[in-house]
>>> print(open('target08.cif').read())   # mmCIF, C-alpha atoms
data_entry
loop_
_atom_site.label_atom_id
_atom_site.label_comp_id
_atom_site.auth_asym_id
_atom_site.auth_seq_id
_atom_site.Cartn_x
_atom_site.Cartn_y
_atom_site.Cartn_z
CA MET E 1108 3.48 1.05 20.06
CA GLY E 1109 2.03 2.74 17.00
CA THR E 1110 1.33 1.25 13.59
CA ILE E 1111 4.14 -1.00 12.36
CA VAL E 1112 5.25 -0.80 8.73
CA LEU E 1113 5.91 -4.33 7.54
CA LEU E 1114 7.98 -4.67 4.38
CA PRO E 1115 8.51 -8.19 2.97
CA ILE E 1116 11.72 -8.08 0.94
CA GLY E 1117 11.67 -9.04 -2.75
CA VAL E 1118 14.42 -9.78 -5.26
CA ASP E 1119 14.41 -6.44 -7.15
CA ASP E 1120 17.13 -4.32 -5.52
CA SER E 1121 16.41 -1.22 -7.64
CA ALA E 1122 12.71 -1.25 -6.72
CA LEU E 1123 13.63 -1.81 -3.07
CA ASP E 1124 16.00 1.18 -3.14
CA ARG E 1125 13.22 3.42 -4.52
CA CYS E 1126 10.76 2.06 -1.96
CA LEU E 1127 13.04 2.69 1.01
CA ALA E 1128 13.93 6.22 -0.15
CA ALA E 1129 10.24 7.08 -0.52
CA LEU E 1130 9.44 5.46 2.81
CA ASP E 1131 11.98 7.69 4.55
CA ALA E 1132 10.70 10.82 2.81
CA ALA E 1133 6.98 10.13 3.32
CA THR E 1134 6.83 8.60 6.82
CA PRO E 1135 7.19 10.26 10.24
CA ALA E 1136 10.59 9.81 11.90
CA GLY E 1137 10.58 7.13 14.58
CA THR E 1138 7.89 5.01 12.93
CA PRO E 1139 8.58 1.33 13.62
CA ALA E 1140 9.46 -0.51 10.41
CA TRP E 1141 10.33 -4.16 9.94
CA LEU E 1142 12.09 -5.39 6.82
CA ALA E 1143 11.62 -9.15 6.73
CA ASP E 1144 13.55 -11.23 4.23
CA ASP E 1145 12.39 -14.74 3.37
CA CYS E 1146 15.86 -15.48 2.00
CA GLN E 1147 15.05 -13.42 -1.12
CA ALA E 1148 17.50 -10.50 -1.15
CA GLY E 1149 20.69 -10.95 -3.14
CA PRO E 1150 24.01 -9.25 -2.30
CA ARG E 1151 23.05 -5.92 -3.93
CA ALA E 1152 19.69 -5.78 -2.14
CA GLN E 1153 21.38 -6.62 1.15
CA ALA E 1154 23.84 -3.76 0.54
CA VAL E 1155 20.88 -1.42 -0.10
CA ILE E 1156 19.28 -2.54 3.16
CA GLU E 1157 22.51 -2.18 5.15
CA HIS E 1158 23.03 1.38 3.91
CA TRP E 1159 19.40 2.27 4.59
CA LEU E 1160 19.47 0.88 8.14
CA ALA E 1161 22.49 3.05 8.92
CA ASN E 1162 20.77 6.25 7.76
CA THR E 1163 16.98 5.94 8.08
CA PRO E 1164 15.09 8.17 10.53
CA LEU E 1165 12.65 5.31 11.10
CA ARG E 1166 12.95 2.85 13.99
CA ALA E 1167 13.87 -0.02 11.69
CA GLU E 1168 14.79 -3.68 12.03
CA TYR E 1169 15.85 -6.25 9.45
CA THR E 1170 15.52 -10.01 9.72
CA ARG E 1171 16.51 -12.69 7.22
CA ARG E 1172 15.51 -16.33 7.26
CA ALA E 1173 18.24 -18.88 6.54
CA ARG E 1174 15.80 -20.85 4.38
CA ALA E 1175 12.72 -19.62 2.51
CA ILE E 1176 9.31 -20.81 3.73
CA GLY E 1177 7.14 -19.06 1.10
CA GLU E 1178 5.64 -15.59 1.05
CA VAL E 1179 2.32 -16.43 2.70
CA ALA E 1180 3.85 -18.45 5.55
CA HIS E 1181 6.49 -15.77 6.01
CA LEU E 1182 3.95 -12.94 6.13
CA ASP E 1183 1.77 -14.88 8.54
CA GLU E 1184 4.79 -15.36 10.79
CA MET E 1185 5.48 -11.62 10.64
CA LEU E 1186 1.88 -10.66 11.38
CA ARG E 1187 1.71 -13.04 14.34
CA ALA E 1188 4.90 -11.49 15.73
CA CYS E 1189 3.10 -8.12 15.58
CA ALA E 1190 0.03 -9.36 17.47
CA GLY E 1191 -1.69 -6.51 19.27
CA SER E 1192 -0.49 -3.85 16.84
CA ASP E 1193 -2.08 -2.45 13.71
CA VAL E 1194 0.20 -3.30 10.81
CA VAL E 1195 0.53 -1.84 7.33
CA VAL E 1196 1.98 -4.30 4.83
CA LEU E 1197 3.81 -2.41 2.10
CA ALA E 1198 4.84 -4.05 -1.17
CA PRO E 1199 8.64 -3.97 -1.68
CA ASP E 1200 8.21 -2.14 -5.01
CA ALA E 1201 5.75 0.44 -3.66
CA VAL E 1202 6.45 4.18 -3.49
CA PRO E 1203 4.35 5.83 -0.76
CA ALA E 1204 3.31 9.46 -1.14
CA PRO E 1205 3.86 11.98 1.67
CA GLY E 1206 1.45 11.59 4.58
CA TRP E 1207 0.38 8.09 3.54
CA LEU E 1208 0.70 6.50 6.98
CA GLN E 1209 -0.91 9.38 8.89
CA GLN E 1210 -3.89 9.22 6.52
CA LEU E 1211 -4.25 5.45 6.93
CA ASP E 1212 -4.11 5.80 10.72
CA ALA E 1213 -6.72 8.57 10.56
CA CYS E 1214 -8.94 6.29 8.48
CA PHE E 1215 -8.90 3.67 11.25
CA ALA E 1216 -9.49 6.34 13.91
CA ARG E 1217 -12.59 7.64 12.09
CA ASP E 1218 -14.36 4.27 11.81
CA ALA E 1219 -13.79 1.37 14.20
CA SER E 1220 -15.66 -0.94 11.81
CA ILE E 1221 -12.85 -0.73 9.22
CA GLY E 1222 -10.73 -3.89 9.36
CA SER E 1223 -8.52 -3.08 6.36
CA ALA E 1224 -7.73 0.25 4.73
CA THR E 1225 -6.27 0.41 1.21
CA PRO E 1226 -4.98 3.68 -0.32
CA TRP E 1227 -5.29 4.72 -3.95
CA CYS E 1228 -2.64 3.37 -6.32
CA ASN E 1229 -1.86 3.86 -10.00
CA ALA E 1230 -1.79 0.04 -10.26
CA GLY E 1231 -4.27 -0.72 -7.51
CA GLU E 1232 -6.90 -2.85 -9.28
CA THR E 1233 -10.18 -1.82 -7.57
CA ALA E 1234 -8.34 1.11 -5.90
CA ALA E 1235 -6.66 2.22 -9.16
CA TRP E 1236 -6.45 5.88 -10.16
CA PRO E 1237 -7.10 7.59 -12.48
CA ARG E 1238 -8.61 4.65 -14.43
CA LEU E 1239 -10.24 1.77 -12.61
CA GLY E 1240 -8.85 -1.73 -13.08
CA GLU E 1241 -5.84 -0.58 -15.13
CA ILE E 1242 -2.11 -0.25 -14.59
CA ASN E 1243 -1.82 3.51 -14.93
CA PRO E 1244 1.53 5.30 -15.27
CA ALA E 1245 3.17 6.16 -11.96
CA PRO E 1246 2.48 9.81 -11.03
CA ASP E 1247 5.26 12.33 -11.66
CA ASP E 1248 4.59 14.48 -8.59
CA LEU E 1249 3.60 12.50 -5.50
CA GLN E 1250 3.71 15.61 -3.31
CA ALA E 1251 0.99 17.29 -5.37
CA LEU E 1252 -1.03 14.09 -5.52
CA ALA E 1253 -0.80 13.63 -1.75
CA GLN E 1254 -2.06 17.20 -1.32
CA ALA E 1255 -4.99 16.44 -3.63
CA CYS E 1256 -5.85 13.20 -1.82
CA ALA E 1257 -5.81 14.92 1.57
CA ALA E 1258 -8.37 17.45 0.27
CA LEU E 1259 -10.93 14.76 -0.58
CA PRO E 1260 -13.87 14.15 1.78
CA ALA E 1261 -12.99 11.19 4.01
CA LEU E 1262 -15.91 8.87 3.20
CA HIS E 1263 -13.98 5.57 3.09
CA PRO E 1264 -16.21 3.58 0.71
CA GLU E 1265 -16.12 -0.19 0.79
CA LEU E 1266 -13.96 -2.24 -1.58
CA PRO E 1267 -14.66 -5.84 -2.62
CA SER E 1268 -11.46 -6.80 -0.75
CA ALA E 1269 -8.17 -5.32 0.39
CA VAL E 1270 -5.40 -4.77 -2.19
CA THR E 1271 -1.71 -5.63 -1.85
CA HIS E 1272 0.22 -2.46 -2.82
CA ALA E 1273 -0.30 -1.21 0.75
CA VAL E 1274 -2.88 -2.29 3.31
CA LEU E 1275 -3.41 -1.34 6.94
CA LEU E 1276 -4.76 -4.27 8.95
CA ARG E 1277 -6.50 -3.78 12.29
CA ALA E 1278 -4.99 -5.92 15.03
CA ASN E 1279 -8.18 -7.32 16.59
CA ALA E 1280 -9.83 -7.96 13.21
CA ARG E 1281 -6.73 -9.83 12.08
CA HIS E 1282 -6.69 -11.87 15.28
CA LYS E 1283 -10.36 -12.85 15.18
CA ALA E 1284 -10.17 -13.78 11.50
CA GLY E 1285 -7.34 -16.19 12.30
CA GLY E 1286 -4.44 -14.82 10.25
CA LEU E 1287 -3.35 -15.88 6.78
CA ASP E 1288 -4.17 -19.28 5.29
CA MET E 1289 -0.75 -20.53 4.22
CA HIS E 1290 -2.14 -23.98 3.43
CA SER E 1291 -4.63 -22.89 0.76
CA TYR E 1292 -2.76 -20.07 -1.01
CA ALA E 1293 0.74 -19.61 -2.39
CA SER E 1294 0.55 -15.83 -3.04
CA TRP E 1295 0.12 -12.88 -0.67
CA ASN E 1296 -2.38 -11.47 -3.16
CA ALA E 1297 -4.83 -14.36 -2.73
CA ALA E 1298 -4.14 -14.79 0.98
CA LEU E 1299 -4.94 -11.11 1.61
CA ILE E 1300 -8.19 -11.35 -0.35
CA ASP E 1301 -9.15 -14.39 1.73
CA LEU E 1302 -8.21 -12.68 5.01
CA SER E 1303 -10.15 -9.54 4.15
CA LEU E 1304 -13.22 -11.57 3.16
CA ARG E 1305 -13.07 -13.45 6.46
CA MET E 1306 -12.84 -10.12 8.30
CA ALA E 1307 -15.86 -8.88 6.33
CA GLY E 1308 -17.76 -12.01 7.34
CA LEU E 1309 -17.11 -11.06 10.97
CA GLY E 1310 -18.51 -7.57 10.45
CA TRP E 1311 -15.47 -5.45 9.57
CA ARG E 1312 -15.25 -3.32 6.45
CA ASN E 1313 -12.55 -3.37 3.76
CA ALA E 1314 -12.37 0.32 2.97
CA LEU E 1315 -10.67 2.64 0.52
CA CYS E 1316 -8.58 5.29 2.26
CA GLU E 1317 -9.13 7.89 -0.45
CA THR E 1318 -7.01 10.48 1.38
CA ALA E 1319 -3.78 8.47 0.83
CA PHE E 1320 -1.82 7.33 -2.23
CA VAL E 1321 0.87 4.69 -2.73
CA ALA E 1322 2.39 4.26 -6.20
CA ARG E 1323 3.59 0.99 -7.69
CA GLY E 1324 5.11 -0.31 -10.92
CA GLY E 1325 2.59 -3.13 -11.43
CA GLU E 1326 -0.03 -5.33 -9.82
CA SER E 1327 0.52 -8.42 -7.68
CA GLN E 1328 0.06 -11.77 -9.37
CA ALA E 1329 -1.65 -14.81 -7.94
CA GLN E 1330 0.12 -18.17 -8.06
CA GLU E 1331 -1.27 -21.16 -9.92
CA GLY E 1332 -4.38 -22.53 -8.25
CA ASP E 1333 -4.95 -19.50 -5.99
CA MET E 1334 -7.90 -18.05 -7.92
CA ASP E 1335 -9.56 -21.47 -8.10
CA ALA E 1336 -9.14 -21.84 -4.34
CA LEU E 1337 -10.69 -18.42 -3.77
CA ALA E 1338 -13.61 -19.20 -6.10
CA THR E 1339 -14.28 -22.45 -4.27
CA ARG E 1340 -14.21 -20.88 -0.81
CA TRP E 1341 -15.87 -17.59 -1.77
CA PRO E 1342 -18.17 -18.28 -4.76
CA SER E 1343 -19.78 -14.82 -4.56
CA TRP E 1344 -16.50 -12.89 -4.55
CA GLN E 1345 -15.63 -12.96 -8.26
CA PRO E 1346 -19.16 -11.93 -9.34
CA ARG E 1347 -19.00 -9.11 -6.78
CA LEU E 1348 -15.62 -8.02 -8.11
CA ALA E 1349 -16.92 -8.04 -11.69
CA SER E 1350 -19.98 -6.02 -10.64
CA PHE E 1351 -17.72 -3.49 -8.91
CA LEU E 1352 -15.49 -3.09 -11.98
CA MET E 1353 -18.48 -2.71 -14.32
CA GLY E 1354 -20.56 -0.48 -12.03
CA ASP E 1355 -17.60 1.69 -11.03
CA PRO E 1356 -18.93 3.08 -7.72
CA LEU E 1357 -15.70 5.07 -7.22
CA LEU E 1358 -16.04 7.08 -10.45
CA GLN E 1359 -17.12 10.27 -8.68
CA ALA E 1360 -14.27 10.02 -6.15
CA ARG E 1361 -11.69 9.42 -8.89
CA GLU E 1362 -12.97 12.39 -10.90
CA ALA E 1363 -12.88 14.58 -7.79
CA LEU E 1364 -9.28 13.54 -7.18
CA GLN E 1365 -8.42 14.30 -10.81
CA GLY E 1366 -9.78 17.83 -10.41
CA LEU E 1367 -7.97 18.42 -7.12
CA HIS E 1368 -4.75 17.09 -8.62
CA ARG E 1369 -5.00 19.52 -11.55
CA GLN E 1370 -5.43 22.37 -9.07
CA ALA E 1371 -2.44 21.17 -7.02
CA ILE E 1372 -0.09 21.10 -10.00
CA MET E 1373 -1.41 24.29 -11.64
CA PRO E 1374 0.86 26.80 -9.83
CA ARG E 1375 3.93 24.75 -10.77
CA SER E 1376 2.89 24.37 -14.40
CA GLN E 1377 2.19 28.11 -14.63
CA GLY E 1378 5.62 28.76 -13.17
CA ASP E 1379 7.15 26.57 -15.84
CA LEU E 1380 5.13 28.39 -18.51
CA PHE E 1381 6.07 31.93 -17.53
CA GLY E 1382 9.53 31.19 -16.17
CA SER E 1383 10.96 31.89 -12.77
CA PRO E 1384 11.48 35.49 -11.68
CA ALA E 1385 14.88 36.79 -12.66
CA ALA E 1386 17.40 36.56 -9.87
CA PRO E 1387 18.72 39.94 -8.67
CA ALA E 1388 22.12 40.87 -10.04
CA PRO E 1389 24.91 40.23 -7.55
CA GLU E 1390 26.20 43.30 -5.80
CA SER E 1391 29.55 44.55 -6.92
CA SER E 1392 32.37 43.89 -4.52
CA VAL E 1393 34.25 46.90 -5.82
#
>>> encode(input="target08.cif", output="structure tokens")
Amino acid sequence: MGTIVLLPIGVDDSALDRCLAALDAATPAGTPAWLADDCQAGPRAQAVIEHWLANTPLRAEYTRRARAIGEVAHLDEMLRACAGSDVVVLAPDAVPAPGWLQQLDACFARDASIGSATPWCNAGETAAWPRLGEINPAPDDLQALAQACAALPALHPELPSAVTHAVLLRANARHKAGGLDMHSYASWNAALIDLSLRMAGLGWRNALCETAFVARGGESQAQEGDMDALATRWPSWQPRLASFLMGDPLLQAREALQGLHRQAIMPRSQGDLFGSPAAPAPESSV
């Protein structure tokens, strides 16, 4: 079995609809996808899911718990059910760009030391583009941006930790790190940081997949007490994060992507400027 796309369902049915439409358009047909609902989806979201399941080209399944157990416990349950497979966890409000999954898989194939791969995102914190650490506007043309990302050199620099908009997790790294800590953290954001730091402690890298892009409306939020728990367990992580944000080691890569993106959209903008060629006059039927 190839990489499994794991989508924990949220409460925003409009965002879910956009996510599923983009997932279909940007992901190879037949890709296994699991929509897992911790008793979060309301009637409208369930209708969106039902319609999508009937029409998607992906090999999709949907499960719904009768009673919520919390996002970290639920995600850990999902990840354990996918033991032995690489899994990409996609936020339910994310909008993946074309080729996103192939690029993440290629990232893993290039470097066996990568335990987690995170693509660029307009609201991706340490992986944010075009401005680091900001919630940038969602890109207008994901096709052009995907083309620009794919043209970047595949260097896969290290991030302080994985980020939650979309993250590919290597099966054996996940297994050896012991899964998510549902007892210490209430949010997937904090639990993923903790998992990725444990994987790093075992020798795996948390890398940026700079050849892929996944858009999002905003950043994930930690629950009360999560950041304190992280600081207690990983006292060097927050200083490292601050150093990364201030030092900006990805500046050159972001500027290169900006230039490639301008080139990718230039033919379209010139077409808009000069107008489309006039259509030939229809032949007379007389």
>>> closest_residue(input="target08.cif", among="E:Val1194, E:Ala1235, E:Ala1133, E:Ala1253", to="E:Ala1319", atoms="all atoms listed in the file")
E:Ala1253
>>> axis_aligned_box(input="target08.cif", around="stretch 1256-1265 of chain E", padding_each_side="5 Å", output="lines of an AutoDock Vina configuration file")
center_x = -11.0
center_y = 8.6
center_z = 1.1
size_x = 20.4
size_y = 27.6
size_z = 15.8
>>> resolve_selection(input="target08.cif", expression="the PyMOL selection byres ((chain E and resi 1296) around 12)", output="JSON, numbers by chain")
{"E": [1178, 1179, 1182, 1196, 1198, 1231, 1232, 1268, 1269, 1270, 1271, 1272, 1273, 1274, 1287, 1288, 1289, 1292, 1293, 1294, 1295, 1297, 1298, 1299, 1300, 1301, 1302, 1303, 1326, 1327, 1328, 1329, 1330, 1331, 1333, 1334, 1337]}
>>> atom_distance(input="target08.cif", atom1="atom CA of E:Ile1221", atom2="atom CA of E:Cys1126")
26.3 Å
>>> atom_distance(input="target08.cif", atom1="atom CA of E:Ala1188", atom2="atom CA of E:Arg1281")
12.3 Å
>>> resolve_selection(input="target08.cif", expression="the PyMOL selection byres ((chain E and resi 1265) around 7)", output="list of chain:residue names")
E:His1263, E:Pro1264, E:Leu1266, E:Pro1267, E:Arg1312, E:Asn1313, E:Ala1314, E:Leu1315
>>> closest_residue(input="target08.cif", among="E:Asn1279, E:Ser1291, E:Thr1110, E:Ser1121", to="E:Gln1210", atoms="only C-alpha atoms")
E:Thr1110
>>> resolve_selection(input="target08.cif", expression="the PyMOL selection byres ((chain E and resi 1282) around 10)", output="PyMOL selection string")
chain E and resi 1186-1187+1190-1191+1277-1281+1283-1287+1306
>>> closest_residue(input="target08.cif", among="E:Leu1252, E:Ala1175, E:Ala1219, E:Ala1136", to="E:His1368", atoms="only C-alpha atoms")
E:Leu1252
>>> atom_distance(input="target08.cif", atom1="atom CA of E:Thr1170", atom2="atom CA of E:Gln1209")
25.4 Å
>>> closest_residue(input="target08.cif", among="E:Leu1348, E:Ser1223, E:Pro1356, E:Thr1163", to="E:Ala1132", atoms="only C-alpha atoms")
E:Thr1163
>>> closest_residue(input="target08.cif", among="E:Cys1228, E:Val1195, E:Ala1128, E:Arg1166", to="E:Glu1317", atoms="only C-alpha atoms")
E:Cys1228
>>> closest_residue(input="target08.cif", among="E:Trp1344, E:Leu1127, E:His1290, E:Cys1316", to="E:Gly1332", atoms="only C-alpha atoms")
E:His1290
>>> residues_near_point(input="target08.cif", point="(4.6, 3.9, 2.6)", cutoff="7 Å", atoms="only C-alpha atoms", output="list in words")
Leu1130, Ala1133, Thr1134, Leu1197, Val1202, Pro1203, Ala1204, Trp1207, Leu1208 and Val1321 of chain E
>>> write_last_selection(input="target08.cif", atoms="C-alpha atoms", output="compact mmCIF listing (two decimals), in the frame of the given file")
# COMPACT_ATOMS: atom_id res chain seq x y z
CA LEU E 1130 9.44 5.46 2.81
CA ALA E 1133 6.98 10.13 3.32
CA THR E 1134 6.83 8.60 6.82
CA LEU E 1197 3.81 -2.41 2.10
CA VAL E 1202 6.45 4.18 -3.49
CA PRO E 1203 4.35 5.83 -0.76
CA ALA E 1204 3.31 9.46 -1.14
CA TRP E 1207 0.38 8.09 3.54
CA LEU E 1208 0.70 6.50 6.98
CA VAL E 1321 0.87 4.69 -2.73
>>> residues_around(input="target08.cif", residues="E:Ala1258", least_positions_apart="3", cutoff="12 Å", atoms="only C-alpha atoms", output="list in words")
Gln1210, Ala1251, Leu1252, Ala1253, Gln1254, Ala1255, Ala1261, Leu1262, Glu1317, Thr1318, Ala1319, Ala1360, Ala1363, Leu1364, Gln1365, Gly1366, Leu1367, His1368, Gln1370 and Ala1371 of chain E
